[in-house]
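Below you'll find the structure, written out as structure tokens, and then a few comments.
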Amino acid sequence: MRCKCIYYRWVFLLFCLFSGSIEANCSEVNVDENQKNITQDSLLSVLQKTTNVNEKLKSLYRLARLNWETPVEVGYLTQLVQLAGDVDSMIYYYDALSSLGRYYCNVNKRDSLFYWGGILDSVTKEHKDTPEELFDFLNYYCRYYLINGEYELAMNEAVRLQMLSDETGVLRGAISSNEYLGMIYLLIGRDKDAIVAFEKGLSLIKDSGGDPSYEIQIMSYLLISYQRLNE
């Protein structure tokens, strides 16, 4: 039992480290603080003075990015959702919804995560769209359930992600679904099934043109699976 707990902790550590590094690459976390303040003041000035909707959208988007993973970001994202929805700017709208999902997943707030996911689901059905952000939310649901130890629910979302990927031919979703399925199998002790899922994910990464950082991420889990089988 002690050995199994050590494995579980190791898996979660890898999962959190790699997930965090991937998210950080999308943000402006390395912006110098003084430069950030100058840029933020400039964007706020534009936001207050301009009547140009496109400029307002760009400013809100940039302000949200400057305040990545902070409660301040949520305020700008909520404004961005409202304005983008009013003018049917779906690129900004979907992106802001996905960012809200990412934020509430990372702070482990289930109700807020599913609230924004429900809005996305409703709007995409109304517009008959299948944006990438639908895949994002299925990833967030998987991650939320997985981290909270709700493996059956995590499995349901991973299967939903797989089905949507099969329907649309989106390899990114198929890769993610296999990664999550592998993680779930690993955590419930189905190591052989975990290996099958992880190897499938690696194969799909190669089919999509390759992504070294993603390959390393999945190979880390795969090594644990092999080690547990003494292979």
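Just remember, in the structure tokens the first chain shown is A, the second B, etc., residues are 1-based per chain, and ligands are 1-based in the order shown.
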Inset, instruction - Considering only C-alpha atoms, return as a PyMOL selection string whatever protein or nucleic-acid residues lie within 9 Å of segment 138-151 of chain A, sequence-local ones (same chain, fewer than 6 positions apart) excluded. - result: chain A and resi 12+101-102+104-106+108-110+113-114+117+157-158+160-161+173+176-177+180+183-185+187-188
Legend entry - Asp191 of chain A environment, 6 Å, only C-alpha atoms, sequence neighbours closer than 3 positions dropped, as a list in words: Leu186, Ala194 and Ser225 of chain A
Could those selected residues go to a file with all heavy atoms, as a short mmCIF file (atom, residue, chain, number, x, y, z; two decimals), in the first residue's frame?
```cif
data_model
loop_
_atom_site.label_atom_id
_atom_site.label_comp_id
_atom_site.auth_asym_id
_atom_site.auth_seq_id
_atom_site.Cartn_x
_atom_site.Cartn_y
_atom_site.Cartn_z
N LEU A 186 -3.86 4.23 -14.91
CA LEU A 186 -2.68 4.17 -14.05
C LEU A 186 -3.07 4.32 -12.58
O LEU A 186 -2.58 3.59 -11.71
CB LEU A 186 -1.70 5.26 -14.45
CG LEU A 186 -0.31 5.26 -13.81
CD1 LEU A 186 0.40 3.94 -14.05
CD2 LEU A 186 0.51 6.40 -14.37
N ALA A 194 -3.25 1.28 -19.29
CA ALA A 194 -2.60 2.59 -19.30
C ALA A 194 -1.54 2.65 -20.40
O ALA A 194 -1.45 3.64 -21.14
CB ALA A 194 -1.97 2.88 -17.94
N SER A 225 4.17 3.39 -15.91
CA SER A 225 3.35 2.21 -16.19
C SER A 225 4.23 0.98 -16.40
O SER A 225 3.95 -0.10 -15.85
CB SER A 225 2.48 2.45 -17.43
OG SER A 225 1.69 3.61 -17.29
#
```
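All residues of protein, DNA or RNA that reach within 8 Å of Ala197 of chain A, judged by only C-alpha atoms and not counting those fewer than 6 positions away in the chain, are Asn178, Glu179, Leu181 and Gly182 of chain A.
Closest approach to Gly118 of chain A among A:Gly85, A:Glu132, A:Phe137, A:Arg62: A:Phe137, based on only C-alpha atoms.
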Inset, instruction - For each of A:Ser112, A:Ser99, A:Ser220, A:Gln48, take the minimum atom-to-atom distance to Glu73 of chain A, counting only C-alpha atoms, then give the residue where this is smallest. - result: A:Ser99
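Going from atom CA of Arg65 of chain A over to atom CA of Val53 of chain A, you cover 18.5 Å.
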Inset, instruction - Within 7 Å of Val81 of chain A, counting only C-alpha atoms, which residues show up once you throw out same-chain ones fewer than 6 positions away? Write them as a PyMOL selection string, please. - result: chain A and resi 93+96-97
Write to file, as a PDB file, in the first residue's frame, the residues of the selection just made, with N, CA and C atoms.
```pdb
ATOM      1  N   TYR A  93     -15.164  35.476 -27.919  1.00  0.00           N
ATOM      2  CA  TYR A  93     -16.156  34.906 -27.011  1.00  0.00           C
ATOM      3  C   TYR A  93     -15.731  33.511 -26.554  1.00  0.00           C
ATOM      4  N   ALA A  96     -12.485  33.565 -24.400  1.00  0.00           N
ATOM      5  CA  ALA A  96     -12.702  34.037 -23.023  1.00  0.00           C
ATOM      6  C   ALA A  96     -13.386  32.971 -22.180  1.00  0.00           C
ATOM      7  N   LEU A  97     -14.357  32.272 -22.766  1.00  0.00           N
ATOM      8  CA  LEU A  97     -15.020  31.192 -22.034  1.00  0.00           C
ATOM      9  C   LEU A  97     -14.033  30.094 -21.666  1.00  0.00           C
TER      10      LEU A  97
END
```
Inset, instruction - For Gln79 of chain A, list every protein, DNA or RNA residue within 12 Å, evaluated using only C-alpha atoms, and leave out those in the same chain fewer than 3 positions away; present the list as number ranges by chain. - result: A: 47, 56-61, 63-64, 72-76, 82-86, 92-93, 96-97, 100
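For the pair atom CA of Leu223 of chain A and atom CA of Ser203 of chain A, the separation is 15.6 Å.
Nearest to Gly210 of chain A of all the residues A:Met90, A:Gly169, A:Asn156, A:Ile175 is A:Ile175, based on only C-alpha atoms.
When only C-alpha atoms are used to compute distances to Leu171 of chain A, the closest of the residues A:Leu202, A:Leu43, A:Val159, A:Val196 turns out to be A:Leu202.
The closest residue to Glu55 of chain A, picked from A:Gln227, A:Leu80, A:Thr168, A:Gln217 and counting only C-alpha atoms, is A:Leu80.
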